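Structure first, then comments.
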Amino acid sequence: MPGAIYAEGLVKTFGDVRALDGVDLDVPEGTVLGLLGPNGAGKTTAVRCLTTLLRPDSGRAVVAGLDVLKQPNEVRRSIGLSGQFAAVDEYLTGRENLQMVGQLYQMKAKAAKARAGELLDQFDLADAADRPAKTYSGGMRRRLDLAAALVVSPPVMFMDEPTTGLDPRNRQLLWEVIKQLVSGGTTLLLTTQYLEEADHLAHDIVVVDHGHVIARGTSDQLKARTGGERVEVVVHEREHITTAGEVLTGYGKGELTVEEHTRRLTVPVTGGAKLLAEIIRELDTRGVEIDDIGLRRPTLDDVFLSLTGHVAEEKPEENGETAGAAAKDRKHKKEATK
């Protein structure tokens with residue numbers, strides 16, 4: 001049986017560019033799939049195809065048991081979507097925005113008002129509830145948009161880079177909200193550029209690049225593909241680089257890399273903090289003075305460098321497709337009751 005979100009062979013082109021090139025996805029009910037990739041990888045295109053905002057050129061997609069191509073209106077009633085841009089009406093207050101969404105989903109006025117109040121409290125917007133959204137900061141608008149996606153507590157949620165523009169406190173707040181949703185049975189597809197975010201939230205991760213799925217697995221499995229833990233050492237004097245390199249090579253489980261200009265040496269290891277203590281002792285015994293030493297896990301760039309040979313550099317999102325994205329997200333919410 002396909003999961004709550006299922007896609008097979010999705011293809012979408014924009015002119016000569018294949019934004020999606022045969023993408024397969026399967027998200028079991030009540031779990032989080034992290035769709036991980038750099039800007040331009042195809043993440044947003046996949047979300048828009050799955051939420052009926054774009055029609056794929058070929059392939060099949062089923063969301064909440066409904067065929068995306070054959071039953072688009074029913075799909076819209078069964079999902080929540082938070083896009084990359086805050087799709088709020090800036091001339092309405094925060095409360096009015098949420099009540100409007102509830103009424104578009106055919107909630108009774110009293111119920112919509114009560115739900116708006118709950119969400120304003122949950123997203124720390126109660127003090128600004130009766131101010132026009134145009135007076136909100138970027139982070140406040142983002143939180144209001146996320147709240148709007150949750151008005152009807154949909155069984156399937158799509159969040160496209162939801163923490164963009166949020167400070168650490170609000171990012172953590174959103175993570176907690178997501179965990180609560182999923183514990184209550186909601187299925188979530190989350191796109192992100194940040195491995196840390198996927199690490200916190202996703203049961204499984206699919207990595208996309210240039211419209212292709214290039215890897216899938218848990219966060220730990222993906223990190224293991226880049227060599228697991230790494231020890232980084234910054235020596236105080238350049239003449240100590242050679243000696244430090246000999247020490248690290250003796251403990252390493254892979255190739256030593258050296259950045260001469262920063263005096264930084266890095267090597268993959270296994271053994272954790274205990275091994276780190278041994279390395280520190282040996283460096284001290286051999287008279288190597290260090291400015292910094294640490295044990296770290298791979299970053300998003302490490303994963304991408306390992307998988308594709310390039311880092312997750314910034315580039316235009318989805319081949320220019322973001323023009324009008326906020327308007328499309330607003331249109332999605334208004335079409336939900338059609």
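Identifiers for the structure tokens are assigned positionally: chains receive A, B, ... in sequence, residues are indexed from 1 per chain, and ligands are indexed from 1 in the order shown.
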To test your reading of the structure, identify every residue in range 81-324 of chain A that backbone DSSP assigns to strand (DSSP E or B), and report it as a ChimeraX atom specification. /A:81-82,93,132,156-160,187-192,204-209,212-217,229-235,257-259,264-269,290-296
What residues in range 119-292 of chain A get the DSSP label alpha helix (DSSP H)? Please answer as a compact mmCIF listing (two decimals) with N, CA and C atoms, in the first residue's frame.
```txt
# COMPACT_ATOMS: atom_id res chain seq x y z
N LEU A 119 -4.27 29.32 17.66
CA LEU A 119 -3.04 29.38 16.86
C LEU A 119 -2.24 30.64 17.14
N LEU A 120 -2.91 31.75 17.37
CA LEU A 120 -2.20 32.99 17.70
C LEU A 120 -1.41 32.82 19.00
N ASP A 121 -2.00 32.13 19.96
CA ASP A 121 -1.29 31.84 21.21
C ASP A 121 -0.13 30.88 20.95
N GLN A 122 -0.39 29.85 20.18
CA GLN A 122 0.61 28.81 19.93
C GLN A 122 1.84 29.37 19.23
N GLY A 138 9.23 40.21 9.28
CA GLY A 138 9.28 39.05 8.39
C GLY A 138 9.06 37.75 9.13
N GLY A 139 9.67 37.61 10.30
CA GLY A 139 9.50 36.39 11.08
C GLY A 139 8.07 36.21 11.56
N MET A 140 7.41 37.31 11.93
CA MET A 140 6.02 37.23 12.37
C MET A 140 5.10 36.82 11.22
N ARG A 141 5.36 37.33 10.03
CA ARG A 141 4.55 36.94 8.88
C ARG A 141 4.73 35.46 8.59
N ARG A 142 5.97 35.00 8.74
CA ARG A 142 6.25 33.58 8.49
C ARG A 142 5.45 32.71 9.45
N ARG A 143 5.43 33.10 10.72
CA ARG A 143 4.70 32.34 11.72
C ARG A 143 3.19 32.38 11.46
N LEU A 144 2.70 33.54 11.00
CA LEU A 144 1.27 33.65 10.69
C LEU A 144 0.91 32.74 9.52
N ASP A 145 1.77 32.68 8.53
CA ASP A 145 1.52 31.82 7.38
C ASP A 145 1.48 30.35 7.80
N LEU A 146 2.41 29.97 8.68
CA LEU A 146 2.44 28.60 9.16
C LEU A 146 1.17 28.28 9.96
N ALA A 147 0.74 29.26 10.77
CA ALA A 147 -0.49 29.07 11.53
C ALA A 147 -1.68 28.87 10.60
N ALA A 148 -1.72 29.64 9.50
CA ALA A 148 -2.82 29.52 8.55
C ALA A 148 -2.89 28.13 7.93
N ALA A 149 -1.72 27.52 7.72
CA ALA A 149 -1.69 26.18 7.14
C ALA A 149 -2.23 25.12 8.09
N PRO A 168 16.56 31.70 15.88
CA PRO A 168 16.67 30.39 16.54
C PRO A 168 15.50 30.07 17.47
N ARG A 169 14.99 31.07 18.19
CA ARG A 169 13.88 30.81 19.12
C ARG A 169 12.64 30.38 18.37
N ASN A 170 12.30 31.11 17.30
CA ASN A 170 11.10 30.77 16.53
C ASN A 170 11.29 29.48 15.73
N ARG A 171 12.51 29.20 15.33
CA ARG A 171 12.78 27.94 14.64
C ARG A 171 12.52 26.77 15.59
N GLN A 172 13.00 26.90 16.81
CA GLN A 172 12.78 25.86 17.80
C GLN A 172 11.28 25.70 18.11
N LEU A 173 10.58 26.83 18.17
CA LEU A 173 9.14 26.80 18.40
C LEU A 173 8.43 26.02 17.30
N LEU A 174 8.81 26.29 16.06
CA LEU A 174 8.19 25.59 14.94
C LEU A 174 8.50 24.10 15.00
N TRP A 175 9.73 23.75 15.33
CA TRP A 175 10.09 22.33 15.43
C TRP A 175 9.19 21.62 16.44
N GLU A 176 8.92 22.28 17.55
CA GLU A 176 8.06 21.66 18.57
C GLU A 176 6.64 21.49 18.06
N VAL A 177 6.14 22.49 17.33
CA VAL A 177 4.79 22.40 16.75
C VAL A 177 4.72 21.23 15.78
N ILE A 178 5.74 21.09 14.94
CA ILE A 178 5.77 19.99 13.97
C ILE A 178 5.78 18.64 14.67
N LYS A 179 6.58 18.52 15.72
CA LYS A 179 6.63 17.25 16.46
C LYS A 179 5.27 16.91 17.06
N GLN A 180 4.57 17.92 17.56
CA GLN A 180 3.24 17.70 18.13
C GLN A 180 2.26 17.23 17.06
N LEU A 181 2.33 17.87 15.87
CA LEU A 181 1.45 17.49 14.77
C LEU A 181 1.65 16.03 14.39
N VAL A 182 2.90 15.64 14.23
CA VAL A 182 3.21 14.29 13.78
C VAL A 182 2.84 13.26 14.85
N SER A 183 3.06 13.60 16.11
CA SER A 183 2.67 12.68 17.19
C SER A 183 1.16 12.47 17.21
N LEU A 195 20.56 20.29 6.95
CA LEU A 195 20.61 18.95 7.49
C LEU A 195 20.22 18.94 8.95
N GLU A 196 20.57 19.99 9.69
CA GLU A 196 20.22 20.07 11.11
C GLU A 196 18.70 19.98 11.29
N GLU A 197 17.97 20.66 10.43
CA GLU A 197 16.51 20.65 10.53
C GLU A 197 15.95 19.26 10.22
N ALA A 198 16.45 18.66 9.17
CA ALA A 198 16.03 17.30 8.83
C ALA A 198 16.42 16.33 9.94
N ASP A 199 17.58 16.56 10.53
CA ASP A 199 18.08 15.71 11.61
C ASP A 199 17.12 15.73 12.79
N HIS A 200 16.58 16.91 13.11
CA HIS A 200 15.67 17.06 14.25
C HIS A 200 14.29 16.46 13.98
N LEU A 201 13.84 16.52 12.72
CA LEU A 201 12.43 16.29 12.45
C LEU A 201 12.11 15.06 11.61
N SER A 219 18.97 10.26 8.65
CA SER A 219 20.04 11.26 8.78
C SER A 219 21.37 10.59 9.08
N ASP A 220 21.37 9.63 9.99
CA ASP A 220 22.62 8.95 10.35
C ASP A 220 23.19 8.18 9.17
N GLN A 221 22.32 7.56 8.38
CA GLN A 221 22.81 6.83 7.22
C GLN A 221 23.47 7.75 6.20
N LEU A 222 22.88 8.93 5.99
CA LEU A 222 23.46 9.88 5.04
C LEU A 222 24.80 10.41 5.55
N LYS A 223 24.85 10.71 6.83
CA LYS A 223 26.09 11.20 7.40
C LYS A 223 27.19 10.15 7.32
N ALA A 224 26.81 8.89 7.52
CA ALA A 224 27.79 7.81 7.46
C ALA A 224 28.43 7.71 6.08
N ILE A 241 52.24 21.84 11.18
CA ILE A 241 51.24 21.17 10.35
C ILE A 241 51.66 19.74 10.02
N THR A 242 52.93 19.54 9.66
CA THR A 242 53.40 18.20 9.29
C THR A 242 53.27 17.21 10.44
N THR A 243 53.72 17.63 11.62
CA THR A 243 53.65 16.75 12.79
C THR A 243 52.20 16.44 13.16
N ALA A 244 51.36 17.48 13.15
CA ALA A 244 49.95 17.26 13.47
C ALA A 244 49.32 16.32 12.46
N GLY A 245 49.72 16.46 11.20
CA GLY A 245 49.20 15.58 10.16
C GLY A 245 49.58 14.12 10.40
N GLU A 246 50.79 13.90 10.87
CA GLU A 246 51.22 12.53 11.18
C GLU A 246 50.38 11.94 12.30
N VAL A 247 50.11 12.77 13.33
CA VAL A 247 49.29 12.29 14.45
C VAL A 247 47.88 11.94 13.98
N LEU A 248 47.24 12.85 13.23
CA LEU A 248 45.88 12.63 12.79
C LEU A 248 45.77 11.44 11.83
N THR A 249 46.77 11.28 10.98
CA THR A 249 46.76 10.16 10.05
C THR A 249 46.78 8.83 10.80
N GLY A 250 47.49 8.81 11.93
CA GLY A 250 47.57 7.59 12.74
C GLY A 250 46.24 7.18 13.34
N TYR A 251 45.38 8.16 13.58
CA TYR A 251 44.07 7.88 14.18
C TYR A 251 42.94 7.87 13.15
N GLY A 272 34.70 8.85 18.83
CA GLY A 272 34.09 9.90 19.61
C GLY A 272 35.02 10.64 20.54
N ALA A 273 34.46 11.08 21.68
CA ALA A 273 35.20 11.94 22.61
C ALA A 273 36.43 11.27 23.19
N LYS A 274 36.36 9.96 23.41
CA LYS A 274 37.51 9.25 23.96
C LYS A 274 38.71 9.35 23.02
N LEU A 275 38.46 9.17 21.73
CA LEU A 275 39.53 9.28 20.74
C LEU A 275 40.07 10.71 20.70
N LEU A 276 39.17 11.69 20.80
CA LEU A 276 39.59 13.09 20.78
C LEU A 276 40.58 13.36 21.92
N ALA A 277 40.30 12.84 23.09
CA ALA A 277 41.20 13.02 24.23
C ALA A 277 42.56 12.41 23.96
N GLU A 278 42.59 11.24 23.30
CA GLU A 278 43.87 10.61 22.97
C GLU A 278 44.67 11.45 21.99
N ILE A 279 43.98 12.02 21.01
CA ILE A 279 44.67 12.87 20.03
C ILE A 279 45.26 14.10 20.70
N ILE A 280 44.49 14.71 21.59
CA ILE A 280 44.99 15.89 22.30
C ILE A 280 46.25 15.56 23.09
N ARG A 281 46.24 14.41 23.78
CA ARG A 281 47.41 14.01 24.56
C ARG A 281 48.63 13.80 23.67
N GLU A 282 48.45 13.14 22.52
CA GLU A 282 49.60 12.89 21.65
C GLU A 282 50.13 14.17 21.03
N LEU A 283 49.25 15.07 20.65
CA LEU A 283 49.71 16.36 20.11
C LEU A 283 50.52 17.11 21.15
N ASP A 284 50.05 17.06 22.39
CA ASP A 284 50.78 17.73 23.47
C ASP A 284 52.14 17.08 23.69
N THR A 285 52.19 15.76 23.69
CA THR A 285 53.45 15.02 23.88
C THR A 285 54.46 15.38 22.79
```
Restricting to only C-alpha atoms, whichever of A:Thr164, A:Asp16, A:Leu35, A:Ile5 is closest to Asp204 in chain A is A:Leu35
Glu161 in chain A: which residues within 10 Å, counting only C-alpha atoms, same-chain residues fewer than 6 positions away excluded, as a list in words?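 In the requested form, the answer reads Leu35, Leu36, Lys43, Thr44, Ser82, Gly83, Gln84, Phe85, Leu190, Thr191, Thr192, Gln193, Tyr194 and Glu197 of chain A.
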Residues within 7 Å of Leu10 in chain A, only C-alpha atoms, excluding chain neighbours under 5 positions, as a list of chain:residue names: A:Leu20, A:Asp21, A:Gly22, A:Val23, A:Asp24, A:Pro56, A:Ser58, A:Gly59, A:Arg60
Pro155 in chain A environment, 9 Å, only C-alpha atoms, sequence neighbours closer than 2 positions dropped, as JSON, numbers by chain: {"A": [4, 29, 30, 64, 78, 79, 80, 153, 157, 185, 186, 187, 188]}
Which value, in Å to one decimal, gives the distance between CA of Ser306 in chain A and CA of Arg225 in chain A?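 Computing it gives 7.4 Å between the two atoms.
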For a test of reading the model, state the distance in Å between CA of Pro268 in chain A and CA of Lys253 in chain A, rounded to one decimal.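 According to the coordinates, CA of Pro268 in chain A and CA of Lys253 in chain A are separated by 5.4 Å.
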All residues 7 Å or closer to Val207 in chain A, only C-alpha atoms, same chain fewer than 6 positions away omitted, as a ChimeraX atom specification: /A:35-37,213-216
Using only all heavy atoms, please write the residues we just selected to a file, as a short mmCIF file (atom, residue, chain, number, x, y, z; two decimals), in the first residue's frame.
```cif
data_model
loop_
_atom_site.label_atom_id
_atom_site.label_comp_id
_atom_site.auth_asym_id
_atom_site.auth_seq_id
_atom_site.Cartn_x
_atom_site.Cartn_y
_atom_site.Cartn_z
N LEU A 35 12.80 16.45 2.50
CA LEU A 35 13.27 16.55 1.11
C LEU A 35 14.40 17.56 1.12
O LEU A 35 14.17 18.76 1.28
CB LEU A 35 12.12 16.99 0.20
CG LEU A 35 12.29 16.78 -1.30
CD1 LEU A 35 12.52 15.30 -1.62
CD2 LEU A 35 11.06 17.28 -2.04
N LEU A 36 15.61 17.06 0.99
CA LEU A 36 16.81 17.84 1.24
C LEU A 36 17.52 18.16 -0.06
O LEU A 36 17.65 17.30 -0.93
CB LEU A 36 17.73 17.04 2.16
CG LEU A 36 18.97 17.71 2.73
CD1 LEU A 36 18.58 18.78 3.73
CD2 LEU A 36 19.85 16.67 3.41
N GLY A 37 17.96 19.40 -0.21
CA GLY A 37 18.69 19.77 -1.41
C GLY A 37 18.97 21.25 -1.47
O GLY A 37 18.35 22.03 -0.74
N VAL A 213 16.61 12.18 -7.60
CA VAL A 213 16.85 11.65 -6.26
C VAL A 213 18.22 10.98 -6.28
O VAL A 213 18.45 10.05 -7.05
CB VAL A 213 15.77 10.62 -5.86
CG1 VAL A 213 16.15 9.95 -4.55
CG2 VAL A 213 14.42 11.30 -5.74
N ILE A 214 19.14 11.50 -5.46
CA ILE A 214 20.51 10.96 -5.47
C ILE A 214 20.83 10.13 -4.24
O ILE A 214 21.84 9.43 -4.22
CB ILE A 214 21.55 12.09 -5.63
CG1 ILE A 214 21.43 13.11 -4.50
CG2 ILE A 214 21.41 12.76 -7.00
CD1 ILE A 214 22.54 14.15 -4.52
N ALA A 215 19.98 10.20 -3.22
CA ALA A 215 20.20 9.39 -2.02
C ALA A 215 18.95 9.41 -1.18
O ALA A 215 18.17 10.37 -1.23
CB ALA A 215 21.39 9.90 -1.22
N ARG A 216 18.76 8.38 -0.38
CA ARG A 216 17.68 8.35 0.58
C ARG A 216 18.10 7.49 1.76
O ARG A 216 18.92 6.60 1.64
CB ARG A 216 16.37 7.87 -0.05
CG ARG A 216 16.37 6.46 -0.56
CD ARG A 216 15.02 6.14 -1.23
NE ARG A 216 14.93 6.72 -2.57
CZ ARG A 216 13.82 7.22 -3.08
NH1 ARG A 216 12.71 7.24 -2.37
NH2 ARG A 216 13.80 7.71 -4.30
#
```
Pick out the closest residue to Thr270 in chain A from this set: A:Leu305, A:Gly228, A:Leu98, A:Arg296. Count only C-alpha atoms. A:Gly228
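Across the structure, CA of Phe158 in chain A and CA of Tyr91 in chain A are spaced 25.6 Å apart.
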Name the closest residue to Arg95 in chain A among the candidates A:Met107, A:Leu69, A:Ala126, A:Val288; distances are taken between atoms, counting only C-alpha atoms. A:Ala126
